[in-house]
$ cat coords_11.txt   # compact mmCIF, C-alpha atoms
# COMPACT_ATOMS: atom_id res chain seq x y z
CA VAL A 1 -50.56 278.74 -27.47
CA LEU A 2 -50.73 276.48 -24.40
CA PRO A 3 -54.17 277.72 -23.30
CA ARG A 4 -55.50 277.04 -26.80
CA ILE A 5 -54.05 273.48 -26.73
CA GLY A 6 -55.64 272.95 -23.33
CA GLN A 7 -59.00 274.17 -24.63
CA HIS A 8 -58.71 271.90 -27.66
CA ILE A 9 -57.96 268.81 -25.49
CA SER A 10 -60.85 269.74 -23.16
CA TRP A 11 -63.20 270.03 -26.15
CA ILE A 12 -62.12 266.61 -27.45
CA TRP A 13 -62.59 265.00 -24.01
CA LYS A 14 -66.01 266.53 -23.46
CA GLY A 15 -67.24 266.00 -26.98
CA ASN A 16 -65.91 262.53 -27.77
CA ARG A 17 -68.04 260.08 -25.81
CA THR A 18 -66.37 257.05 -27.40
CA MET A 19 -62.94 258.25 -26.23
CA ARG A 20 -64.19 258.68 -22.66
CA LYS A 21 -65.70 255.20 -22.61
CA THR A 22 -62.52 253.66 -24.05
CA ILE A 23 -60.26 255.36 -21.51
CA TRP A 24 -62.60 254.50 -18.65
CA SER A 25 -62.78 250.83 -19.71
CA ALA A 26 -59.00 250.63 -19.93
CA ALA A 27 -58.67 252.12 -16.46
CA VAL A 28 -61.16 249.62 -14.99
CA ILE A 29 -59.40 246.67 -16.62
CA GLY A 30 -56.06 247.90 -15.27
CA LEU A 31 -57.45 248.25 -11.76
CA MET A 32 -58.97 244.76 -11.91
CA ALA A 33 -55.64 243.31 -12.98
CA LEU A 34 -53.89 245.04 -10.09
CA ALA A 35 -56.53 243.80 -7.65
CA ALA A 36 -56.10 240.22 -8.90
CA GLN A 37 -52.39 240.40 -8.15
CA ALA A 38 -52.82 242.06 -4.74
CA GLY A 39 -51.24 240.06 -1.93
CA GLY A 40 -48.66 238.27 -4.05
CA GLU A 41 -47.40 237.23 -7.47
CA ASP A 42 -48.77 234.30 -9.48
CA ALA A 43 -46.77 231.04 -9.68
CA GLY A 44 -46.43 228.06 -11.98
CA PHE A 45 -46.10 224.34 -11.28
CA GLY A 46 -42.61 223.45 -10.05
CA ASP A 47 -41.65 227.02 -9.10
CA VAL A 48 -39.31 227.75 -6.19
CA VAL A 49 -41.18 230.38 -4.18
CA THR A 50 -39.13 233.18 -2.62
CA THR A 51 -41.81 235.85 -2.17
CA ASP A 52 -45.52 235.99 -1.35
CA ILE A 53 -47.63 234.36 -4.05
CA LYS A 54 -51.34 234.21 -4.82
CA LEU A 55 -52.42 231.74 -7.47
CA GLN A 56 -54.53 233.04 -10.33
CA GLY A 57 -55.65 229.60 -11.55
CA ASN A 58 -55.24 225.84 -11.16
CA ILE A 59 -51.78 224.40 -11.86
CA GLU A 60 -50.76 220.82 -12.64
CA GLY A 61 -47.70 218.83 -13.57
CA TYR A 62 -45.14 216.20 -12.55
CA GLY A 63 -42.92 216.18 -9.45
CA ASP A 64 -43.23 218.77 -6.68
CA GLY A 65 -45.92 221.39 -7.18
CA LEU A 66 -44.36 224.35 -5.35
CA VAL A 67 -41.08 224.50 -3.40
CA VAL A 68 -40.55 226.93 -0.51
CA GLY A 69 -37.33 228.86 -1.10
CA ALA A 70 -37.28 231.62 1.54
CA CYS A 71 -38.36 232.53 5.06
CA GLY A 72 -41.25 234.85 5.82
CA ILE A 73 -43.50 234.07 2.84
CA THR A 74 -47.18 233.32 2.31
CA ILE A 75 -48.38 230.82 -0.28
CA ASP A 76 -52.03 231.65 -0.94
CA LEU A 77 -53.70 229.15 -3.26
CA ASN A 78 -56.58 231.62 -3.57
CA GLY A 79 -59.18 228.84 -3.79
CA TYR A 80 -57.38 227.04 -6.65
CA THR A 81 -55.90 223.53 -6.95
CA ILE A 82 -52.37 222.17 -7.33
CA GLU A 83 -52.60 218.73 -8.95
CA SER A 84 -50.07 215.98 -9.67
CA LEU A 85 -50.58 214.21 -12.97
CA ASP A 86 -48.75 211.03 -11.92
CA GLY A 87 -49.30 210.71 -8.16
CA THR A 88 -45.69 211.43 -7.21
CA GLY A 89 -43.87 214.28 -5.45
CA THR A 90 -45.12 216.76 -2.88
CA GLY A 91 -47.75 219.40 -3.46
CA ILE A 92 -45.91 222.05 -1.42
CA SER A 93 -42.43 221.14 -0.19
CA ASN A 94 -40.48 222.92 2.52
CA ALA A 95 -37.78 220.27 2.70
CA ASP A 96 -35.08 222.85 3.45
CA GLY A 97 -36.85 224.02 6.60
CA TYR A 98 -37.53 227.70 5.99
CA SER A 99 -39.22 229.47 8.93
CA ASP A 100 -42.23 231.78 9.16
CA VAL A 101 -44.12 230.21 6.26
CA GLU A 102 -47.90 230.29 5.79
CA ILE A 103 -49.78 228.02 3.37
CA ARG A 104 -53.49 228.68 2.95
CA ASN A 105 -56.79 228.56 1.13
CA GLY A 106 -56.89 225.88 -1.57
CA THR A 107 -56.63 222.22 -2.61
CA ILE A 108 -53.63 219.94 -3.14
CA GLU A 109 -54.55 216.83 -5.10
CA ASN A 110 -53.07 213.44 -6.01
CA PHE A 111 -49.49 213.77 -4.68
CA ALA A 112 -47.51 211.26 -2.61
CA GLU A 113 -47.62 213.90 0.15
CA GLY A 114 -49.68 217.06 0.09
CA ILE A 115 -47.48 219.26 2.32
CA HIS A 116 -44.04 218.22 3.57
CA SER A 117 -42.09 220.55 5.88
CA ASP A 118 -38.86 219.55 7.60
CA GLY A 119 -37.18 221.96 10.03
CA GLY A 120 -37.54 225.61 10.90
CA GLY A 121 -40.38 227.12 12.89
CA MET A 122 -43.52 229.25 12.80
CA LEU A 123 -45.35 227.15 10.22
CA ARG A 124 -48.99 228.02 9.51
CA ILE A 125 -51.29 225.80 7.43
CA LYS A 126 -54.85 227.11 7.14
CA SER A 127 -57.93 226.12 5.14
CA ILE A 128 -56.10 223.60 2.97
CA THR A 129 -57.67 220.41 1.55
CA VAL A 130 -55.29 217.58 0.66
CA ASP A 131 -57.20 215.14 -1.53
CA GLY A 132 -55.22 211.97 -2.07
CA ALA A 133 -51.85 211.04 -0.58
CA SER A 134 -50.21 207.87 -1.90
CA GLY A 135 -47.10 207.75 0.28
CA PRO A 136 -46.42 204.13 1.38
CA GLN A 137 -45.78 202.09 4.54
CA GLY A 138 -47.36 204.42 7.07
CA THR A 139 -44.31 206.73 7.16
CA THR A 140 -45.75 209.66 5.20
CA GLY A 141 -48.64 212.06 5.62
CA ALA A 142 -51.11 214.07 3.61
CA ILE A 143 -49.71 216.83 5.82
CA HIS A 144 -46.30 215.80 7.17
CA VAL A 145 -44.28 218.06 9.48
CA LEU A 146 -40.92 217.11 10.99
CA ASP A 147 -38.48 218.69 13.46
CA THR A 148 -40.34 222.01 13.64
CA ASP A 149 -41.30 224.39 16.44
CA ASP A 150 -44.49 226.47 16.68
CA VAL A 151 -46.88 224.87 14.19
CA ARG A 152 -50.54 225.74 13.62
CA ILE A 153 -52.77 223.58 11.41
CA GLU A 154 -56.30 224.93 11.29
CA LYS A 155 -59.50 224.24 9.32
CA CYS A 156 -57.78 221.74 7.05
CA LYS A 157 -59.12 218.53 5.48
CA THR A 158 -57.22 215.42 4.41
CA ILE A 159 -58.59 212.56 2.32
CA VAL A 160 -56.52 209.36 2.02
CA GLU A 161 -57.87 206.23 0.32
CA SER A 162 -55.28 203.70 1.56
CA ILE A 163 -56.03 202.64 5.13
CA PHE A 164 -53.65 199.92 6.36
CA LEU A 165 -50.04 201.17 6.14
CA GLY A 166 -51.06 204.07 3.95
CA ALA A 167 -50.27 207.72 4.57
CA HIS A 168 -51.31 209.41 7.80
CA GLY A 169 -53.77 212.27 7.59
CA ILE A 170 -51.60 214.64 9.67
CA ARG A 171 -48.25 213.20 10.76
CA LEU A 172 -46.16 215.19 13.25
CA ASP A 173 -42.61 213.93 13.86
CA THR A 174 -40.60 215.72 16.59
CA VAL A 175 -42.78 218.82 16.45
CA THR A 176 -42.90 221.08 19.52
CA ASP A 177 -45.80 223.38 20.36
CA VAL A 178 -48.25 222.25 17.70
CA ARG A 179 -51.95 223.11 17.54
CA VAL A 180 -54.23 221.10 15.28
CA LYS A 181 -57.66 222.70 15.38
CA LYS A 182 -60.98 222.25 13.57
CA CYS A 183 -59.58 219.79 11.04
CA GLU A 184 -61.38 216.97 9.23
CA ILE A 185 -59.49 213.74 8.56
CA VAL A 186 -60.96 211.10 6.25
CA GLY A 187 -59.10 207.79 5.79
CA GLY A 188 -55.45 206.93 6.16
CA PHE A 189 -53.39 204.62 8.35
CA VAL A 190 -53.49 207.12 11.25
CA GLY A 191 -55.73 210.16 11.34
CA ILE A 192 -53.46 212.40 13.46
CA SER A 193 -50.17 211.17 14.93
CA PHE A 194 -47.76 212.61 17.49
CA PHE A 195 -44.71 210.64 16.51
CA SER A 196 -40.98 210.71 15.86
CA VAL A 197 -38.76 209.06 13.29
CA THR A 198 -36.98 207.12 16.07
CA GLN A 199 -37.71 206.76 19.77
CA ASP A 200 -34.47 208.63 20.53
CA ASP A 201 -35.75 211.78 18.83
CA ASP A 202 -37.39 214.55 20.83
CA PRO A 203 -41.12 214.02 21.45
CA THR A 204 -43.94 215.88 19.75
CA THR A 205 -45.84 218.25 22.04
CA GLY A 206 -49.05 220.21 21.71
CA LYS A 207 -52.83 220.02 21.34
CA VAL A 208 -55.46 218.55 19.06
CA GLU A 209 -58.92 220.05 19.48
CA ASP A 210 -62.29 220.15 17.77
CA CYS A 211 -61.27 217.69 15.05
CA ASP A 212 -63.30 215.03 13.22
CA VAL A 213 -61.44 211.81 12.35
CA GLU A 214 -63.27 209.25 10.21
CA GLY A 215 -62.50 205.91 8.59
CA CYS A 216 -58.81 205.59 9.57
CA PHE A 217 -57.10 202.41 10.78
CA LEU A 218 -56.07 204.32 13.92
CA GLY A 219 -57.86 207.53 14.84
CA ILE A 220 -55.35 209.54 16.90
CA LEU A 221 -51.97 208.06 17.86
CA ILE A 222 -49.74 209.46 20.60
CA GLY A 223 -46.64 207.51 19.64
CA ASN A 224 -43.95 209.70 21.21
CA SER A 225 -44.98 212.65 23.37
CA ASP A 226 -44.53 213.86 26.93
CA ASP A 227 -47.06 216.71 26.64
CA ALA A 228 -50.07 215.95 24.43
CA GLU A 229 -53.64 217.13 24.92
CA ILE A 230 -56.68 215.90 22.96
CA LYS A 231 -59.89 217.90 23.41
CA HIS A 232 -63.38 217.77 21.92
CA CYS A 233 -62.52 215.44 19.04
CA ARG A 234 -64.78 212.88 17.36
CA ILE A 235 -63.40 209.57 16.06
CA THR A 236 -65.69 207.34 13.98
CA ASP A 237 -65.39 204.15 11.92
CA ALA A 238 -61.82 203.32 12.93
CA ASP A 239 -60.84 199.97 11.35
CA GLY A 240 -58.20 199.26 13.99
CA LEU A 241 -58.25 201.21 17.26
CA GLY A 242 -59.74 204.55 18.20
$ encode --input "coords_11.txt" --output "structure tokens"
Amino acid sequence: VLPRIGQHISWIWKGNRTMRKTIWSAAVIGLMALAAQAGGEDAGFGDVVTTDIKLQGNIEGYGDGLVVGACGITIDLNGYTIESLDGTGTGISNADGYSDVEIRNGTIENFAEGIHSDGGGMLRIKSITVDGASGPQGTTGAIHVLDTDDVRIEKCKTIVESIFLGAHGIRLDTVTDVRVKKCEIVGGFVGISFFSVTQDDDPTTGKVEDCDVEGCFLGILIGNSDDAEIKHCRITDADGLG
């Protein structure tokens, strides 16, 4: 009986062209869906992220866009945009200081701060554009990192409209061993700052290299550091000081 059933199924498969095409199409669609999810799960606006994610489309809303909720994760925007609809909150917030976090490959738009990370270590920010940062009084940043060790910010771009006492492009407060490399900063109170919340805090240490800073009130500010190195940077159209 079994051989006859097998022969019958084989005859149907070989003879029914429509069935073959349907099964093949379903298999291709399934494989494409798996490929789209490879490297992480999708996420929605306001989600607390505890595992690797890879956006599958633009997301928008009110408040914080994504919140880091675990160590050792990658947030891959996958070329998409996180957008605030009211100009408040933080695009990606790591306010609880989780370590070994990577944020990469996309745009963060219209928040008070684009990325805010406070504490922890081993932070990687790569190929991110922060377009718009409305944080006030020169104390915030399109990318703002505090009290963190081992930070790499590479191939990023910040765009800030407010110049005098507006947000910094990249603000680093009490950050040790930071590398800011091949970044483009457009506008803001300070383009890139090595700073600290108070003068009693530990200094920020590290290097800035191969960066373009344009149209800021202050180009690069070494406000509190005992080991800062600036190499091969270009500062243009500073409204205050270079």
$ residues_around --input "coords_11.txt" --residues "Asp96 of chain A" --least-positions-apart "2" --cutoff "8 Å" --atoms "all atoms listed in the file" --output "VMD selection string"
chain A and resid 68 to 69 94 98 117 to 119
$ residues_around --input "coords_11.txt" --residues "Ser99 of chain A" --least-positions-apart "4" --cutoff "7 Å" --atoms "only C-alpha atoms" --output "list in words"
Cys71, Gly72, Gly120, Gly121, Met122 and Leu123 of chain A
$ closest_residue --input "coords_11.txt" --among "A:Ala228, A:Gly132, A:Glu154, A:Ile192" --to "Thr176 of chain A" --atoms "all atoms listed in the file"
A:Ala228
$ closest_residue --input "coords_11.txt" --among "A:Phe45, A:Phe195, A:Tyr80, A:Phe164" --to "Gly138 of chain A" --atoms "only C-alpha atoms"
A:Phe164
$ atom_distance --input "coords_11.txt" --atom1 "atom CA of Val145 of chain A" --atom2 "atom CA of Asp42 of chain A"
25.4 Å
$ residues_near_point --input "coords_11.txt" --point "(-43.1, 214.8, 19.3)" --cutoff "8 Å" --atoms "only C-alpha atoms" --output "MDAnalysis selection string"
chainID A and resid 172:176 194:196 201:205 224:226
$ atom_distance --input "coords_11.txt" --atom1 "atom CA of Asn110 of chain A" --atom2 "atom CA of Arg124 of chain A"
21.7 Å
$ atom_distance --input "coords_11.txt" --atom1 "atom CA of His116 of chain A" --atom2 "atom CA of Asp237 of chain A"
26.9 Å
$ closest_residue --input "coords_11.txt" --among "A:Ile143, A:Gly206, A:Lys126, A:Ala133" --to "Lys182 of chain A" --atoms "all atoms listed in the file"
A:Lys126
$ axis_aligned_box --input "coords_11.txt" --around "segment 156-166 of chain A" --padding-each-side "3 Å" --output "AutoDock Vina command-line options"
--center_x -54.6 --center_y 210.8 --center_z 3.7 --size_x 15.1 --size_y 27.8 --size_z 12.7
$ closest_residue --input "coords_11.txt" --among "A:Gly87, A:Gly141, A:Gly97, A:Gly106" --to "Gln56 of chain A" --atoms "all atoms listed in the file"
A:Gly106
$ closest_residue --input "coords_11.txt" --among "A:Ile185, A:Cys233, A:Ala95, A:Val197" --to "Glu161 of chain A" --atoms "all atoms listed in the file"
A:Ile185
$ closest_residue --input "coords_11.txt" --among "A:Thr88, A:Gln199, A:Thr107, A:Thr81" --to "Gly57 of chain A" --atoms "all atoms listed in the file"
A:Thr81
$ residues_near_point --input "coords_11.txt" --point "(-51.9, 215.4, -1.3)" --cutoff "8 Å" --atoms "only C-alpha atoms" --output "VMD selection string"
chain A and resid 90 to 91 108 to 115 130 to 134 142 to 143 158
$ write_last_selection --input "coords_11.txt" --atoms "C-alpha atoms" --output "PDB file, in the coordinates of the input"
ATOM      1  CA  THR A  90     -45.120 216.760  -2.880  1.00  0.00           C
ATOM      2  CA  GLY A  91     -47.750 219.400  -3.460  1.00  0.00           C
ATOM      3  CA  ILE A 108     -53.630 219.940  -3.140  1.00  0.00           C
ATOM      4  CA  GLU A 109     -54.550 216.830  -5.100  1.00  0.00           C
ATOM      5  CA  ASN A 110     -53.070 213.440  -6.010  1.00  0.00           C
ATOM      6  CA  PHE A 111     -49.490 213.770  -4.680  1.00  0.00           C
ATOM      7  CA  ALA A 112     -47.510 211.260  -2.610  1.00  0.00           C
ATOM      8  CA  GLU A 113     -47.620 213.900   0.150  1.00  0.00           C
ATOM      9  CA  GLY A 114     -49.680 217.060   0.090  1.00  0.00           C
ATOM     10  CA  ILE A 115     -47.480 219.260   2.320  1.00  0.00           C
ATOM     11  CA  VAL A 130     -55.290 217.580   0.660  1.00  0.00           C
ATOM     12  CA  ASP A 131     -57.200 215.140  -1.530  1.00  0.00           C
ATOM     13  CA  GLY A 132     -55.220 211.970  -2.070  1.00  0.00           C
ATOM     14  CA  ALA A 133     -51.850 211.040  -0.580  1.00  0.00           C
ATOM     15  CA  SER A 134     -50.210 207.870  -1.900  1.00  0.00           C
ATOM     16  CA  ALA A 142     -51.110 214.070   3.610  1.00  0.00           C
ATOM     17  CA  ILE A 143     -49.710 216.830   5.820  1.00  0.00           C
ATOM     18  CA  THR A 158     -57.220 215.420   4.410  1.00  0.00           C
TER      19      THR A 158
END
$ decode --input "coords_11.txt" --residues "segment 51-78 of chain A" --atoms "N, CA, C and O atoms" --output "PDB file, in the first residue's frame"
ATOM      1  N   THR A  51      16.722  42.473  23.872  1.00  0.00           N
ATOM      2  CA  THR A  51      17.422  41.537  22.981  1.00  0.00           C
ATOM      3  C   THR A  51      17.783  42.281  21.701  1.00  0.00           C
ATOM      4  O   THR A  51      17.337  43.419  21.487  1.00  0.00           O
ATOM      5  N   ASP A  52      18.594  41.686  20.858  1.00  0.00           N
ATOM      6  CA  ASP A  52      18.951  42.330  19.595  1.00  0.00           C
ATOM      7  C   ASP A  52      17.691  42.645  18.791  1.00  0.00           C
ATOM      8  O   ASP A  52      16.785  41.810  18.688  1.00  0.00           O
ATOM      9  N   ILE A  53      17.660  43.852  18.209  1.00  0.00           N
ATOM     10  CA  ILE A  53      16.532  44.194  17.339  1.00  0.00           C
ATOM     11  C   ILE A  53      17.056  44.726  16.012  1.00  0.00           C
ATOM     12  O   ILE A  53      18.179  45.220  15.909  1.00  0.00           O
ATOM     13  N   LYS A  54      16.193  44.618  15.010  1.00  0.00           N
ATOM     14  CA  LYS A  54      16.484  45.145  13.672  1.00  0.00           C
ATOM     15  C   LYS A  54      15.170  45.666  13.116  1.00  0.00           C
ATOM     16  O   LYS A  54      14.256  44.893  12.808  1.00  0.00           O
ATOM     17  N   LEU A  55      15.057  47.000  13.033  1.00  0.00           N
ATOM     18  CA  LEU A  55      13.793  47.575  12.595  1.00  0.00           C
ATOM     19  C   LEU A  55      13.418  47.113  11.193  1.00  0.00           C
ATOM     20  O   LEU A  55      14.279  46.938  10.330  1.00  0.00           O
ATOM     21  N   GLN A  56      12.109  46.965  10.990  1.00  0.00           N
ATOM     22  CA  GLN A  56      11.592  46.589   9.678  1.00  0.00           C
ATOM     23  C   GLN A  56      10.801  47.727   9.041  1.00  0.00           C
ATOM     24  O   GLN A  56      10.146  47.533   8.008  1.00  0.00           O
ATOM     25  N   GLY A  57      10.877  48.924   9.631  1.00  0.00           N
ATOM     26  CA  GLY A  57      10.186  50.080   9.078  1.00  0.00           C
ATOM     27  C   GLY A  57      10.351  51.274  10.002  1.00  0.00           C
ATOM     28  O   GLY A  57      10.870  51.156  11.115  1.00  0.00           O
ATOM     29  N   ASN A  58       9.946  52.459   9.536  1.00  0.00           N
ATOM     30  CA  ASN A  58       9.999  53.660  10.356  1.00  0.00           C
ATOM     31  C   ASN A  58       9.019  53.542  11.519  1.00  0.00           C
ATOM     32  O   ASN A  58       7.955  52.938  11.389  1.00  0.00           O
ATOM     33  N   ILE A  59       9.375  54.157  12.661  1.00  0.00           N
ATOM     34  CA  ILE A  59       8.463  54.190  13.803  1.00  0.00           C
ATOM     35  C   ILE A  59       8.391  55.617  14.337  1.00  0.00           C
ATOM     36  O   ILE A  59       9.361  56.378  14.258  1.00  0.00           O
ATOM     37  N   GLU A  60       7.238  55.992  14.880  1.00  0.00           N
ATOM     38  CA  GLU A  60       7.047  57.351  15.368  1.00  0.00           C
ATOM     39  C   GLU A  60       6.073  57.344  16.532  1.00  0.00           C
ATOM     40  O   GLU A  60       5.276  56.418  16.696  1.00  0.00           O
ATOM     41  N   GLY A  61       6.188  58.405  17.369  1.00  0.00           N
ATOM     42  CA  GLY A  61       5.295  58.483  18.508  1.00  0.00           C
ATOM     43  C   GLY A  61       5.692  59.597  19.448  1.00  0.00           C
ATOM     44  O   GLY A  61       6.405  60.543  19.070  1.00  0.00           O
ATOM     45  N   TYR A  62       5.242  59.481  20.716  1.00  0.00           N
ATOM     46  CA  TYR A  62       5.452  60.507  21.727  1.00  0.00           C
ATOM     47  C   TYR A  62       6.271  59.919  22.877  1.00  0.00           C
ATOM     48  O   TYR A  62       6.088  58.775  23.263  1.00  0.00           O
ATOM     49  N   GLY A  63       7.176  60.736  23.442  1.00  0.00           N
ATOM     50  CA  GLY A  63       8.035  60.265  24.520  1.00  0.00           C
ATOM     51  C   GLY A  63       9.318  59.668  23.976  1.00  0.00           C
ATOM     52  O   GLY A  63       9.800  60.055  22.906  1.00  0.00           O
ATOM     53  N   ASP A  64       9.884  58.707  24.713  1.00  0.00           N
ATOM     54  CA  ASP A  64      11.118  58.049  24.281  1.00  0.00           C
ATOM     55  C   ASP A  64      10.827  57.040  23.178  1.00  0.00           C
ATOM     56  O   ASP A  64       9.865  56.270  23.259  1.00  0.00           O
ATOM     57  N   GLY A  65      11.702  57.016  22.175  1.00  0.00           N
ATOM     58  CA  GLY A  65      11.495  56.107  21.051  1.00  0.00           C
ATOM     59  C   GLY A  65      11.753  54.655  21.397  1.00  0.00           C
ATOM     60  O   GLY A  65      10.876  53.800  21.268  1.00  0.00           O
ATOM     61  N   LEU A  66      12.976  54.354  21.844  1.00  0.00           N
ATOM     62  CA  LEU A  66      13.353  53.016  22.308  1.00  0.00           C
ATOM     63  C   LEU A  66      14.131  53.171  23.605  1.00  0.00           C
ATOM     64  O   LEU A  66      14.900  54.123  23.771  1.00  0.00           O
ATOM     65  N   VAL A  67      13.954  52.213  24.517  1.00  0.00           N
ATOM     66  CA  VAL A  67      14.625  52.256  25.819  1.00  0.00           C
ATOM     67  C   VAL A  67      15.462  50.996  25.971  1.00  0.00           C
ATOM     68  O   VAL A  67      14.943  49.871  25.856  1.00  0.00           O
ATOM     69  N   VAL A  68      16.759  51.157  26.222  1.00  0.00           N
ATOM     70  CA  VAL A  68      17.644  50.014  26.440  1.00  0.00           C
ATOM     71  C   VAL A  68      17.294  49.370  27.775  1.00  0.00           C
ATOM     72  O   VAL A  68      17.207  50.046  28.801  1.00  0.00           O
ATOM     73  N   GLY A  69      17.108  48.030  27.750  1.00  0.00           N
ATOM     74  CA  GLY A  69      16.695  47.336  28.961  1.00  0.00           C
ATOM     75  C   GLY A  69      17.557  46.149  29.330  1.00  0.00           C
ATOM     76  O   GLY A  69      17.179  45.369  30.200  1.00  0.00           O
ATOM     77  N   ALA A  70      18.738  45.995  28.693  1.00  0.00           N
ATOM     78  CA  ALA A  70      19.608  44.864  28.998  1.00  0.00           C
ATOM     79  C   ALA A  70      21.011  45.142  28.464  1.00  0.00           C
ATOM     80  O   ALA A  70      21.200  45.950  27.541  1.00  0.00           O
ATOM     81  N   CYS A  71      21.982  44.453  29.049  1.00  0.00           N
ATOM     82  CA  CYS A  71      23.360  44.525  28.553  1.00  0.00           C
ATOM     83  C   CYS A  71      23.526  43.623  27.328  1.00  0.00           C
ATOM     84  O   CYS A  71      22.756  42.681  27.110  1.00  0.00           O
ATOM     85  N   GLY A  72      24.551  43.920  26.547  1.00  0.00           N
ATOM     86  CA  GLY A  72      24.949  43.018  25.471  1.00  0.00           C
ATOM     87  C   GLY A  72      23.985  42.948  24.306  1.00  0.00           C
ATOM     88  O   GLY A  72      23.801  41.881  23.725  1.00  0.00           O
ATOM     89  N   ILE A  73      23.362  44.080  23.947  1.00  0.00           N
ATOM     90  CA  ILE A  73      22.394  44.054  22.844  1.00  0.00           C
ATOM     91  C   ILE A  73      22.817  45.005  21.728  1.00  0.00           C
ATOM     92  O   ILE A  73      23.576  45.955  21.943  1.00  0.00           O
ATOM     93  N   THR A  74      22.300  44.746  20.536  1.00  0.00           N
ATOM     94  CA  THR A  74      22.495  45.611  19.375  1.00  0.00           C
ATOM     95  C   THR A  74      21.146  46.144  18.919  1.00  0.00           C
ATOM     96  O   THR A  74      20.195  45.377  18.737  1.00  0.00           O
ATOM     97  N   ILE A  75      21.071  47.454  18.762  1.00  0.00           N
ATOM     98  CA  ILE A  75      19.893  48.102  18.202  1.00  0.00           C
ATOM     99  C   ILE A  75      20.253  48.555  16.799  1.00  0.00           C
ATOM    100  O   ILE A  75      20.993  49.526  16.615  1.00  0.00           O
ATOM    101  N   ASP A  76      19.769  47.832  15.814  1.00  0.00           N
ATOM    102  CA  ASP A  76      20.060  48.098  14.405  1.00  0.00           C
ATOM    103  C   ASP A  76      18.826  48.758  13.784  1.00  0.00           C
ATOM    104  O   ASP A  76      17.785  48.117  13.627  1.00  0.00           O
ATOM    105  N   LEU A  77      18.949  50.034  13.439  1.00  0.00           N
ATOM    106  CA  LEU A  77      17.812  50.728  12.839  1.00  0.00           C
ATOM    107  C   LEU A  77      17.607  50.322  11.388  1.00  0.00           C
ATOM    108  O   LEU A  77      16.571  50.657  10.790  1.00  0.00           O
ATOM    109  N   ASN A  78      18.566  49.621  10.815  1.00  0.00           N
ATOM    110  CA  ASN A  78      18.379  48.990   9.505  1.00  0.00           C
ATOM    111  C   ASN A  78      18.030  50.013   8.417  1.00  0.00           C
ATOM    112  O   ASN A  78      17.268  49.718   7.492  1.00  0.00           O
TER     113      ASN A  78
END
